[in-house]
file my_file_20.txt (compact mmCIF, C-alpha atoms)
# COMPACT_ATOMS: atom_id res chain seq x y z
CA MET A 833 0.00 0.00 0.00
CA SER A 834 1.98 2.98 -1.23
CA THR A 835 -0.82 5.44 -1.97
CA GLN A 836 -0.23 9.07 -1.05
CA GLN A 837 -2.66 10.62 1.42
CA PRO A 838 -4.67 13.44 -0.21
CA LYS A 839 -4.52 16.88 1.43
CA TRP A 840 -7.63 17.90 3.35
CA PHE A 841 -8.44 20.86 1.10
CA GLU A 842 -8.14 18.63 -1.96
CA ARG A 843 -10.66 16.11 -0.66
CA LYS A 844 -13.92 15.63 -2.56
CA PHE A 845 -17.14 15.09 -0.62
CA ASP A 846 -20.39 13.54 -1.72
CA PHE A 847 -23.27 15.17 0.13
CA SER A 848 -25.98 13.83 -2.14
CA SER A 849 -27.51 11.21 0.15
CA GLU A 850 -31.19 11.73 0.90
CA GLN A 851 -31.15 8.96 3.48
CA ASN A 852 -30.89 9.60 7.19
CA ILE A 853 -27.48 8.19 8.11
CA PHE A 854 -27.10 10.61 11.03
CA PRO A 855 -27.06 7.88 13.74
CA SER A 856 -23.99 6.32 12.10
CA ILE A 857 -22.31 9.72 11.82
CA ILE A 858 -22.93 10.44 15.52
CA GLU A 859 -21.48 7.03 16.36
CA ARG A 860 -18.32 7.85 14.39
CA LEU A 861 -17.98 11.19 16.18
CA ARG A 862 -18.43 9.48 19.54
CA GLY A 863 -15.59 7.06 18.80
CA THR A 864 -12.86 9.60 18.10
CA PRO A 865 -11.77 10.37 21.70
CA SER A 866 -11.27 6.64 22.49
CA ARG A 867 -9.36 6.10 19.25
CA LEU A 868 -7.07 9.01 20.08
CA GLU A 869 -6.51 7.78 23.63
CA GLU A 870 -5.61 4.31 22.42
CA LYS A 871 -3.31 5.58 19.70
CA LEU A 872 -1.40 7.93 21.97
CA LYS A 873 -1.31 6.01 25.24
CA SER A 874 2.29 4.80 24.93
CA VAL A 875 3.85 7.65 22.93
CA SER A 876 6.71 9.44 24.67
CA GLU A 877 6.70 13.18 25.28
CA ILE A 878 9.58 13.68 22.83
CA ASN A 879 7.66 11.93 20.08
CA LEU A 880 4.41 13.72 20.92
CA ASN A 881 6.19 17.04 20.32
CA ALA A 882 8.29 16.02 17.31
CA LYS A 883 7.77 18.11 14.17
CA ILE A 884 8.67 16.32 10.96
CA ASN A 885 9.62 18.63 8.08
CA GLY A 886 8.08 21.55 9.97
CA ARG A 887 4.62 19.94 10.03
CA TRP A 888 2.38 19.79 13.08
CA SER A 889 3.40 17.51 15.92
CA ILE A 890 1.08 14.79 17.22
CA LYS A 891 -0.05 17.10 20.01
CA GLU A 892 -0.77 19.88 17.52
CA ASN A 893 -2.91 17.54 15.43
CA LEU A 894 -4.78 16.59 18.58
CA GLY A 895 -5.08 20.22 19.69
CA HIS A 896 -6.34 21.16 16.23
CA LEU A 897 -9.34 18.84 16.65
CA LEU A 898 -10.08 20.59 19.92
CA ASP A 899 -9.59 24.02 18.30
CA LEU A 900 -12.09 23.29 15.54
CA GLU A 901 -14.95 21.96 17.64
CA PRO A 902 -16.34 25.50 18.29
CA LEU A 903 -16.43 26.07 14.52
CA TRP A 904 -18.48 22.92 13.94
CA VAL A 905 -20.89 23.79 16.76
CA GLY A 906 -21.03 27.40 15.55
CA ARG A 907 -21.98 26.19 12.09
CA LEU A 908 -24.67 24.01 13.63
CA ASP A 909 -26.02 27.19 15.29
CA ASP A 910 -25.85 29.02 11.94
CA ILE A 911 -28.07 26.41 10.33
CA LEU A 912 -30.48 26.28 13.28
CA ASN A 913 -30.64 30.11 13.27
CA LYS A 914 -31.48 30.02 9.54
CA GLU A 915 -28.41 32.03 8.52
CA ILE A 916 -27.86 32.14 4.76
CA TYR A 917 -24.15 31.34 5.03
CA LEU A 918 -22.20 29.22 7.46
CA ARG A 919 -19.53 31.11 9.32
CA THR A 920 -16.12 31.06 7.67
CA ALA A 921 -13.24 28.87 8.75
CA ASP A 922 -9.72 30.20 9.21
CA LEU A 923 -8.11 28.33 6.33
CA THR A 924 -4.63 29.23 7.59
CA ASN A 925 -5.26 27.47 10.94
CA THR A 926 -3.83 30.39 12.90
CA LYS A 927 -5.54 29.22 16.09
CA THR A 928 -3.64 25.93 16.14
CA ASP A 929 -0.36 27.52 15.01
CA GLN A 930 -0.54 30.00 17.88
CA ALA A 931 -1.99 27.75 20.58
CA ASN A 932 1.33 26.19 21.54
CA HIS A 933 -0.29 22.82 22.15
CA ASP A 934 3.14 21.24 22.54
CA ARG A 935 3.38 22.81 25.99
CA GLU A 936 0.18 21.13 27.12
CA ASP A 937 -0.18 17.72 28.70
CA LYS A 938 -1.36 15.10 26.19
CA ASP A 939 -3.82 13.52 28.63
CA HIS A 940 -5.26 16.96 29.35
CA LEU A 941 -5.74 17.62 25.62
CA VAL A 942 -7.46 14.26 25.11
CA ARG A 943 -9.65 14.82 28.16
CA GLU A 944 -10.63 18.30 26.96
CA PHE A 945 -11.41 16.95 23.52
CA ARG A 946 -13.54 14.16 24.97
CA MET A 947 -15.53 16.60 27.12
CA THR A 948 -16.05 18.98 24.20
CA ARG A 949 -17.10 16.18 21.87
CA VAL A 950 -19.57 14.76 24.41
CA THR A 951 -21.19 18.21 24.63
CA THR A 952 -21.45 18.32 20.82
CA ILE A 953 -22.97 14.84 20.66
CA ASN A 954 -25.47 15.65 23.38
CA ARG A 955 -26.75 18.46 21.19
CA LEU A 956 -26.81 16.36 18.03
CA GLU A 957 -28.80 13.61 19.72
CA LEU A 958 -31.61 16.07 20.45
CA LEU A 959 -32.11 17.04 16.80
CA SER A 960 -35.20 15.78 15.01
CA GLU A 961 -34.99 13.89 11.73
CA GLU A 962 -36.47 16.90 9.94
CA THR A 963 -33.85 19.25 11.42
CA ILE A 964 -30.79 17.30 10.27
CA PHE A 965 -31.76 18.07 6.67
CA PHE A 966 -31.80 21.86 7.30
CA SER A 967 -28.96 23.63 5.52
CA ALA A 968 -27.01 26.85 4.96
CA LEU A 969 -24.60 27.78 2.20
CA HIS A 970 -20.99 26.82 2.61
CA PRO A 971 -19.05 30.13 2.51
CA ARG A 972 -16.33 28.96 0.14
CA LEU A 973 -18.19 26.43 -2.00
CA LYS A 974 -21.48 28.41 -2.13
CA THR A 975 -23.36 25.12 -2.03
CA PRO A 976 -25.89 24.01 0.60
CA MET A 977 -24.50 22.03 3.51
CA ARG A 978 -27.04 20.22 5.67
CA ILE A 979 -26.48 19.41 9.34
CA MET A 980 -25.98 15.77 8.33
CA ASP A 981 -23.36 16.80 5.74
CA LEU A 982 -21.61 19.10 8.19
CA PHE A 983 -21.06 16.34 10.71
CA LEU A 984 -20.08 13.77 8.09
CA PHE A 985 -17.44 16.35 7.13
CA VAL A 986 -16.37 16.53 10.82
CA ALA A 987 -16.13 12.72 11.10
CA ASP A 988 -13.96 12.64 7.97
CA HIS A 989 -11.87 15.49 9.36
CA ASP A 990 -11.31 13.48 12.56
CA ASP A 991 -10.14 10.51 10.47
CA HIS A 992 -7.87 12.76 8.43
CA HIS A 993 -5.99 13.77 11.58
CA LEU A 994 -5.97 10.23 12.99
CA VAL A 995 -4.28 9.12 9.76
CA THR A 996 -1.85 12.06 9.95
CA ILE A 997 -0.96 11.10 13.54
CA HIS A 998 -0.51 7.49 12.43
CA GLN A 999 1.87 8.61 9.69
CA VAL A 1000 3.89 10.76 12.10
CA MET A 1001 4.16 7.73 14.38
CA GLN A 1002 5.28 5.57 11.48
CA THR A 1003 7.95 8.09 10.53
CA LEU A 1004 9.15 8.12 14.11
CA SER A 1005 9.12 4.29 14.10
CA ILE A 1006 6.73 4.07 17.02
CA GLN A 1007 3.97 2.18 15.22
CA MET B 693 -32.85 4.59 14.91
CA ALA B 694 -30.47 3.11 12.36
CA LEU B 695 -31.67 2.79 8.78
CA PRO B 696 -31.93 -0.94 7.90
CA TRP B 697 -28.59 -1.98 6.41
CA PHE B 698 -30.11 -3.52 3.30
CA GLU B 699 -31.90 -0.25 2.54
CA ARG B 700 -28.71 1.83 2.51
CA ASP B 701 -27.83 3.47 -0.80
CA LEU B 702 -24.11 2.95 -1.18
CA THR B 703 -21.92 4.55 -3.82
CA PHE B 704 -18.62 2.93 -4.68
CA GLY B 705 -15.66 3.84 -6.86
CA HIS B 706 -13.44 5.08 -4.03
CA ARG B 707 -9.96 6.12 -5.08
CA PRO B 708 -6.94 4.06 -3.88
CA GLU B 709 -5.53 7.01 -1.92
CA MET B 710 -8.58 6.87 0.37
CA LEU B 711 -7.61 3.44 1.72
CA PRO B 712 -5.55 4.74 4.70
CA PHE B 713 -8.64 6.58 5.98
CA PHE B 714 -10.84 3.51 5.70
CA LEU B 715 -8.22 1.30 7.37
CA GLU B 716 -7.99 3.83 10.20
CA ARG B 717 -11.74 3.49 10.68
CA LEU B 718 -11.60 -0.31 10.54
CA GLU B 719 -8.78 -0.30 13.10
CA GLY B 720 -10.74 1.99 15.41
CA THR B 721 -13.75 -0.30 15.64
CA LEU B 722 -12.19 -2.65 18.18
CA ILE B 723 -11.44 0.28 20.50
CA ARG B 724 -14.98 1.60 20.10
CA LEU B 725 -16.44 -1.84 20.85
CA ASN B 726 -14.25 -2.22 23.93
CA GLU B 727 -15.44 1.15 25.18
CA LYS B 728 -19.09 0.26 24.56
CA VAL B 729 -19.09 -3.02 26.54
CA LYS B 730 -16.75 -1.95 29.37
CA GLY B 731 -18.38 -2.63 32.73
CA ILE B 732 -21.61 -3.98 31.23
CA ASP B 733 -23.11 -7.08 32.83
CA ASN B 734 -22.85 -10.34 30.88
CA LYS B 735 -26.60 -10.83 31.12
CA ILE B 736 -27.26 -7.55 29.32
CA LEU B 737 -24.65 -8.33 26.65
CA SER B 738 -26.39 -11.66 25.96
CA GLU B 739 -29.92 -10.31 25.97
CA ARG B 740 -32.11 -10.36 22.87
CA ILE B 741 -34.58 -7.49 23.05
CA HIS B 742 -37.73 -7.90 20.92
CA GLY B 743 -36.03 -10.85 19.19
CA LYS B 744 -33.20 -8.67 17.84
CA TRP B 745 -29.54 -9.61 18.00
CA SER B 746 -27.80 -9.19 21.35
CA VAL B 747 -24.62 -7.15 21.77
CA LYS B 748 -22.54 -10.34 21.58
CA GLU B 749 -24.31 -11.37 18.38
CA ASN B 750 -23.70 -7.96 16.81
CA ILE B 751 -19.97 -8.20 17.57
CA GLY B 752 -19.78 -11.87 16.52
CA HIS B 753 -21.51 -10.92 13.26
CA LEU B 754 -18.82 -8.30 12.56
CA ALA B 755 -16.16 -10.97 13.12
CA GLU B 756 -17.94 -13.31 10.71
CA ILE B 757 -18.19 -10.54 8.12
CA ASP B 758 -14.44 -10.08 8.41
CA GLU B 759 -13.98 -13.76 7.52
CA ILE B 760 -15.99 -13.05 4.38
CA ALA B 761 -14.00 -9.88 3.66
CA ASP B 762 -10.78 -11.87 3.93
CA ARG B 763 -12.12 -14.32 1.35
CA ARG B 764 -13.44 -11.53 -0.88
CA ILE B 765 -10.05 -9.79 -1.03
CA ASP B 766 -8.50 -13.09 -2.16
CA GLU B 767 -11.26 -13.48 -4.74
CA MET B 768 -10.65 -10.00 -6.16
CA MET B 769 -6.93 -10.70 -6.41
CA ALA B 770 -7.64 -14.02 -8.15
CA GLY B 771 -9.97 -12.35 -10.67
CA VAL B 772 -13.05 -14.24 -9.52
CA THR B 773 -16.12 -12.81 -11.27
CA VAL B 774 -18.61 -12.85 -8.38
CA MET B 775 -17.49 -12.65 -4.76
CA SER B 776 -18.72 -14.92 -1.96
CA PRO B 777 -22.08 -14.04 -0.40
CA ALA B 778 -22.32 -12.46 3.03
CA VAL B 779 -23.38 -14.27 6.19
CA PHE B 780 -26.56 -13.36 8.00
CA GLU B 781 -27.70 -15.18 11.15
CA PRO B 782 -24.78 -15.17 13.61
CA ARG B 783 -23.51 -18.26 15.41
CA ASP B 784 -24.38 -18.68 19.09
CA TYR B 785 -22.02 -16.41 21.02
CA HIS B 786 -24.05 -16.31 24.22
CA PRO B 787 -22.08 -19.01 26.06
CA TRP B 788 -18.86 -17.08 25.29
CA PRO B 789 -17.53 -14.44 27.70
CA ILE B 790 -17.48 -11.02 26.01
CA GLU B 791 -13.67 -11.02 26.03
CA ARG B 792 -13.67 -14.09 23.79
CA VAL B 793 -16.13 -12.51 21.35
CA LEU B 794 -13.96 -9.38 21.21
CA ASP B 795 -10.81 -11.48 20.74
CA PHE B 796 -12.46 -13.31 17.86
CA PHE B 797 -13.30 -9.99 16.24
CA LYS B 798 -9.82 -8.60 16.92
CA SER B 799 -8.09 -11.61 15.42
CA ASN B 800 -10.08 -11.39 12.18
CA ARG B 801 -9.80 -7.62 11.97
CA VAL B 802 -6.02 -7.57 12.51
CA ASN B 803 -5.65 -10.26 9.85
CA ASN B 804 -7.65 -8.20 7.34
CA LEU B 805 -5.81 -4.97 8.11
CA LYS B 806 -2.51 -6.72 7.46
CA LYS B 807 -3.84 -8.12 4.20
CA TYR B 808 -5.02 -4.72 2.95
CA LYS B 809 -1.63 -3.21 3.74
CA THR B 810 0.20 -5.75 1.55
CA LEU B 811 -1.78 -4.79 -1.57
CA SER B 812 0.00 -2.80 -4.28
CA ASP B 813 -1.53 0.20 -6.05
CA GLU B 814 -2.25 -2.04 -9.03
CA GLN B 815 -3.95 -4.66 -6.86
CA LEU B 816 -6.11 -1.96 -5.28
CA LYS B 817 -7.66 -1.36 -8.71
CA LYS B 818 -8.77 -4.98 -9.18
CA SER B 819 -12.47 -5.65 -8.72
CA SER B 820 -15.13 -8.36 -8.55
CA LEU B 821 -18.92 -8.26 -8.49
CA HIS B 822 -20.69 -7.98 -5.14
CA PRO B 823 -23.34 -10.74 -5.21
CA ARG B 824 -26.20 -8.82 -3.54
CA LEU B 825 -25.53 -5.26 -4.70
CA ASN B 826 -24.58 -6.33 -8.21
CA VAL B 827 -21.81 -3.71 -8.44
CA GLN B 828 -18.09 -4.00 -9.07
CA MET B 829 -16.13 -3.54 -5.88
CA THR B 830 -12.40 -2.97 -5.35
CA PRO B 831 -10.58 -3.69 -2.07
CA VAL B 832 -10.83 0.06 -1.33
CA ASP B 833 -14.61 -0.07 -1.79
CA LEU B 834 -14.79 -3.16 0.40
CA ALA B 835 -12.83 -1.43 3.19
CA TRP B 836 -15.25 1.54 3.08
CA PHE B 837 -18.27 -0.77 2.90
CA ASP B 838 -17.10 -2.67 5.99
CA ALA B 839 -16.30 0.55 7.87
CA GLU B 840 -19.87 1.75 7.20
CA HIS B 841 -21.17 -1.68 8.24
CA ASP B 842 -19.19 -1.47 11.51
CA ASP B 843 -20.81 1.90 12.25
CA HIS B 844 -24.24 0.44 11.55
CA HIS B 845 -23.71 -2.26 14.18
CA LEU B 846 -22.16 0.19 16.64
CA VAL B 847 -25.40 2.16 16.36
CA LYS B 848 -27.34 -1.04 17.05
CA ILE B 849 -25.18 -1.78 20.09
CA ASN B 850 -25.63 1.77 21.30
CA GLU B 851 -29.40 1.43 20.98
CA ILE B 852 -29.29 -1.71 23.17
CA LEU B 853 -26.99 -0.26 25.81
CA LYS B 854 -28.25 3.32 26.00
CA PRO B 855 -31.04 2.57 28.52
CA THR B 856 -28.48 0.76 30.72
CA ARG B 857 -26.06 3.68 30.64
CA SER B 858 -28.70 6.27 31.45
CA GLN B 859 -29.81 4.42 34.62
call {"tool": "encode", "arguments": {"input": "my_file_20.txt", "output": "structure tokens"}}
result
Amino acid sequence: MSTQQPKWFERKFDFSSEQNIFPSIIERLRGTPSRLEEKLKSVSEINLNAKINGRWSIKENLGHLLDLEPLWVGRLDDILNKEIYLRTADLTNTKTDQANHDREDKDHLVREFRMTRVTTINRLELLSEETIFFSALHPRLKTPMRIMDLFLFVADHDDHHLVTIHQVMQTLSIQ
Amino acid sequence: MALPWFERDLTFGHRPEMLPFFLERLEGTLIRLNEKVKGIDNKILSERIHGKWSVKENIGHLAEIDEIADRRIDEMMAGVTVMSPAVFEPRDYHPWPIERVLDFFKSNRVNNLKKYKTLSDEQLKKSSLHPRLNVQMTPVDLAWFDAEHDDHHLVKINEILKPTRSQ
């Protein structure tokens, strides 16, 4: 298996499904904190902070997931508030670059992420079937994004960073 | 409530470079299952509610599906026209402790993950016909299909255990 991982901004998404697959998406979102905990449980502090070719460290990838949760929840609010456009994302990821996640304790970051994600899921579980098909326009793509699409996007984004962490670990020979 | 699996509209044709993401999902299932059943009484894990599969049967079913996936990958590589059919009614896992059911799943899953990782880019483009869906499927499609199927059964398990957790 030698295939090159596509960059996040080059990824193509299919948001055409008319079926309600939201329960499966919630289940994926619920699983991310445990997957992160398991992946990182035996990684040394040096390796958690290692930057390969100037790219984000493992902790920065983890912190980035935590940094973006308010954006996802904010976009949920945008749709529920019937805004025309979803709020914009900072495509340069300044928040993560400036957060200095490498100085934080890994277990603290994972714990924070778990707590934040549980809060998100608690909100999602209250949404009616009708509501998950509500949408607003994506600010960059100018196409409608429904709540179901938004959180499928989040689940894929989680996986993207889990794969990135896996690759950093492989490079550091700790896999 | 999960949409019945056989009613899911599934679109294939996933590109080879997506395989690492699907393998990451397949690898994560064991951890998610462990987390779901942690601290849950054996009686609850073996219980059939309204005649539906128990938690142990859901997990055992995933392990059996991995046996089929293992065979299907071999069939694609061998150029077999139509892949083996799926399995439906699970074996009886109720006498087994949950650890054994999870170990059975883990063993099959680890085996499949290793197999996927040995495939070359050329092999990832090979395909065979799925017998029920009547569509051509590559190993990359199969990995995605099984990751979606895992999520479906995790939803089922969650539906069984949610009342227990909220008590």
call {"tool": "interface_residues", "arguments": {"input": "my_file_20.txt", "of": "chain B", "to": "chain A", "cutoff": "9 Å", "atoms": "all atoms listed in the file", "output": "PyMOL selection string"}}
result
chain B and resi 693-695+700-701+708-714+716-717+719-721+723-724+727+808-813+816+840+843-847+850
call {"tool": "atom_distance", "arguments": {"input": "my_file_20.txt", "atom1": "CA of Phe796 (chain B)", "atom2": "CA of Gly752 (chain B)"}}
result
7.6 Å
call {"tool": "residues_around", "arguments": {"input": "my_file_20.txt", "residues": "region 788-793 of chain B", "least_positions_apart": "2", "cutoff": "12 Å", "atoms": "only C-alpha atoms", "output": "PyMOL selection string"}}
result
chain B and resi 722+725-726+728-738+746-756+782-786+795-800
call {"tool": "residues_around", "arguments": {"input": "my_file_20.txt", "residues": "Trp888 (chain A)", "least_positions_apart": "2", "cutoff": "10 Å", "atoms": "only C-alpha atoms", "output": "PyMOL selection string"}}
result
chain A and resi 881-886+890-896+928-929+933-934+996-997+1000
call {"tool": "atom_distance", "arguments": {"input": "my_file_20.txt", "atom1": "CA of His989 (chain A)", "atom2": "CA of Ile878 (chain A)"}}
result
25.4 Å
call {"tool": "decode", "arguments": {"input": "my_file_20.txt", "residues": "region 830-841 of chain B", "atoms": "all heavy atoms", "output": "PDB file, in the first residue's frame"}}
result
ATOM      1  N   THR B 830     -13.854  -2.796  -5.527  1.00  0.00           N
ATOM      2  CA  THR B 830     -12.402  -2.968  -5.351  1.00  0.00           C
ATOM      3  C   THR B 830     -12.121  -3.204  -3.869  1.00  0.00           C
ATOM      4  O   THR B 830     -13.014  -3.000  -3.028  1.00  0.00           O
ATOM      5  CB  THR B 830     -11.651  -1.694  -5.784  1.00  0.00           C
ATOM      6  OG1 THR B 830     -12.033  -0.636  -4.879  1.00  0.00           O
ATOM      7  CG2 THR B 830     -11.971  -1.288  -7.216  1.00  0.00           C
ATOM      8  N   PRO B 831     -10.893  -3.564  -3.499  1.00  0.00           N
ATOM      9  CA  PRO B 831     -10.581  -3.691  -2.069  1.00  0.00           C
ATOM     10  C   PRO B 831     -10.817  -2.377  -1.308  1.00  0.00           C
ATOM     11  O   PRO B 831     -11.195  -2.395  -0.139  1.00  0.00           O
ATOM     12  CB  PRO B 831      -9.092  -4.059  -2.060  1.00  0.00           C
ATOM     13  CG  PRO B 831      -8.843  -4.692  -3.383  1.00  0.00           C
ATOM     14  CD  PRO B 831      -9.758  -4.003  -4.351  1.00  0.00           C
ATOM     15  N   VAL B 832     -10.610  -1.239  -1.981  1.00  0.00           N
ATOM     16  CA  VAL B 832     -10.828   0.065  -1.328  1.00  0.00           C
ATOM     17  C   VAL B 832     -12.323   0.242  -1.031  1.00  0.00           C
ATOM     18  O   VAL B 832     -12.710   0.673   0.058  1.00  0.00           O
ATOM     19  CB  VAL B 832     -10.311   1.224  -2.216  1.00  0.00           C
ATOM     20  CG1 VAL B 832     -10.428   2.553  -1.484  1.00  0.00           C
ATOM     21  CG2 VAL B 832      -8.882   0.971  -2.655  1.00  0.00           C
ATOM     22  N   ASP B 833     -13.160  -0.132  -2.005  1.00  0.00           N
ATOM     23  CA  ASP B 833     -14.610  -0.072  -1.786  1.00  0.00           C
ATOM     24  C   ASP B 833     -15.025  -1.001  -0.650  1.00  0.00           C
ATOM     25  O   ASP B 833     -15.884  -0.653   0.167  1.00  0.00           O
ATOM     26  CB  ASP B 833     -15.359  -0.495  -3.064  1.00  0.00           C
ATOM     27  CG  ASP B 833     -15.211   0.514  -4.188  1.00  0.00           C
ATOM     28  OD1 ASP B 833     -15.103   1.716  -3.895  1.00  0.00           O
ATOM     29  OD2 ASP B 833     -15.207   0.090  -5.363  1.00  0.00           O
ATOM     30  N   LEU B 834     -14.430  -2.178  -0.630  1.00  0.00           N
ATOM     31  CA  LEU B 834     -14.789  -3.164   0.405  1.00  0.00           C
ATOM     32  C   LEU B 834     -14.421  -2.628   1.796  1.00  0.00           C
ATOM     33  O   LEU B 834     -15.195  -2.797   2.745  1.00  0.00           O
ATOM     34  CB  LEU B 834     -14.078  -4.499   0.130  1.00  0.00           C
ATOM     35  CG  LEU B 834     -14.394  -5.628   1.104  1.00  0.00           C
ATOM     36  CD1 LEU B 834     -15.863  -6.048   1.036  1.00  0.00           C
ATOM     37  CD2 LEU B 834     -13.507  -6.854   0.818  1.00  0.00           C
ATOM     38  N   ALA B 835     -13.260  -1.987   1.899  1.00  0.00           N
ATOM     39  CA  ALA B 835     -12.834  -1.431   3.191  1.00  0.00           C
ATOM     40  C   ALA B 835     -13.829  -0.364   3.650  1.00  0.00           C
ATOM     41  O   ALA B 835     -14.221  -0.317   4.821  1.00  0.00           O
ATOM     42  CB  ALA B 835     -11.427  -0.843   3.077  1.00  0.00           C
ATOM     43  N   TRP B 836     -14.273   0.500   2.728  1.00  0.00           N
ATOM     44  CA  TRP B 836     -15.246   1.538   3.081  1.00  0.00           C
ATOM     45  C   TRP B 836     -16.586   0.915   3.468  1.00  0.00           C
ATOM     46  O   TRP B 836     -17.197   1.280   4.480  1.00  0.00           O
ATOM     47  CB  TRP B 836     -15.449   2.495   1.892  1.00  0.00           C
ATOM     48  CG  TRP B 836     -16.499   3.532   2.164  1.00  0.00           C
ATOM     49  CD1 TRP B 836     -16.365   4.628   2.963  1.00  0.00           C
ATOM     50  CD2 TRP B 836     -17.847   3.545   1.670  1.00  0.00           C
ATOM     51  NE1 TRP B 836     -17.562   5.333   2.990  1.00  0.00           N
ATOM     52  CE2 TRP B 836     -18.481   4.680   2.203  1.00  0.00           C
ATOM     53  CE3 TRP B 836     -18.565   2.707   0.826  1.00  0.00           C
ATOM     54  CZ2 TRP B 836     -19.814   5.001   1.928  1.00  0.00           C
ATOM     55  CZ3 TRP B 836     -19.894   3.023   0.540  1.00  0.00           C
ATOM     56  CH2 TRP B 836     -20.496   4.170   1.094  1.00  0.00           C
ATOM     57  N   PHE B 837     -17.011  -0.060   2.670  1.00  0.00           N
ATOM     58  CA  PHE B 837     -18.274  -0.770   2.901  1.00  0.00           C
ATOM     59  C   PHE B 837     -18.274  -1.381   4.308  1.00  0.00           C
ATOM     60  O   PHE B 837     -19.246  -1.244   5.065  1.00  0.00           O
ATOM     61  CB  PHE B 837     -18.372  -1.858   1.826  1.00  0.00           C
ATOM     62  CG  PHE B 837     -19.631  -2.670   1.794  1.00  0.00           C
ATOM     63  CD1 PHE B 837     -20.853  -2.088   1.552  1.00  0.00           C
ATOM     64  CD2 PHE B 837     -19.581  -4.053   1.956  1.00  0.00           C
ATOM     65  CE1 PHE B 837     -22.008  -2.856   1.480  1.00  0.00           C
ATOM     66  CE2 PHE B 837     -20.730  -4.824   1.882  1.00  0.00           C
ATOM     67  CZ  PHE B 837     -21.949  -4.225   1.646  1.00  0.00           C
ATOM     68  N   ASP B 838     -17.170  -2.029   4.672  1.00  0.00           N
ATOM     69  CA  ASP B 838     -17.104  -2.674   5.988  1.00  0.00           C
ATOM     70  C   ASP B 838     -16.996  -1.645   7.116  1.00  0.00           C
ATOM     71  O   ASP B 838     -17.490  -1.887   8.214  1.00  0.00           O
ATOM     72  CB  ASP B 838     -15.960  -3.692   6.031  1.00  0.00           C
ATOM     73  CG  ASP B 838     -16.325  -4.970   5.271  1.00  0.00           C
ATOM     74  OD1 ASP B 838     -17.534  -5.204   5.048  1.00  0.00           O
ATOM     75  OD2 ASP B 838     -15.413  -5.727   4.884  1.00  0.00           O
ATOM     76  N   ALA B 839     -16.360  -0.506   6.851  1.00  0.00           N
ATOM     77  CA  ALA B 839     -16.301   0.552   7.875  1.00  0.00           C
ATOM     78  C   ALA B 839     -17.709   1.108   8.128  1.00  0.00           C
ATOM     79  O   ALA B 839     -18.107   1.346   9.274  1.00  0.00           O
ATOM     80  CB  ALA B 839     -15.356   1.667   7.437  1.00  0.00           C
ATOM     81  N   GLU B 840     -18.482   1.286   7.051  1.00  0.00           N
ATOM     82  CA  GLU B 840     -19.870   1.746   7.200  1.00  0.00           C
ATOM     83  C   GLU B 840     -20.705   0.689   7.933  1.00  0.00           C
ATOM     84  O   GLU B 840     -21.547   1.020   8.775  1.00  0.00           O
ATOM     85  CB  GLU B 840     -20.494   2.019   5.816  1.00  0.00           C
ATOM     86  CG  GLU B 840     -19.917   3.217   5.101  1.00  0.00           C
ATOM     87  CD  GLU B 840     -20.304   4.539   5.754  1.00  0.00           C
ATOM     88  OE1 GLU B 840     -21.486   4.725   6.074  1.00  0.00           O
ATOM     89  OE2 GLU B 840     -19.410   5.381   5.954  1.00  0.00           O
ATOM     90  N   HIS B 841     -20.441  -0.569   7.600  1.00  0.00           N
ATOM     91  CA  HIS B 841     -21.172  -1.676   8.239  1.00  0.00           C
ATOM     92  C   HIS B 841     -20.838  -1.754   9.740  1.00  0.00           C
ATOM     93  O   HIS B 841     -21.722  -1.987  10.569  1.00  0.00           O
ATOM     94  CB  HIS B 841     -20.808  -2.980   7.508  1.00  0.00           C
ATOM     95  CG  HIS B 841     -21.511  -4.195   8.027  1.00  0.00           C
ATOM     96  ND1 HIS B 841     -20.874  -5.130   8.812  1.00  0.00           N
ATOM     97  CD2 HIS B 841     -22.804  -4.615   7.901  1.00  0.00           C
ATOM     98  CE1 HIS B 841     -21.749  -6.083   9.127  1.00  0.00           C
ATOM     99  NE2 HIS B 841     -22.919  -5.798   8.598  1.00  0.00           N
TER     100      HIS B 841
END
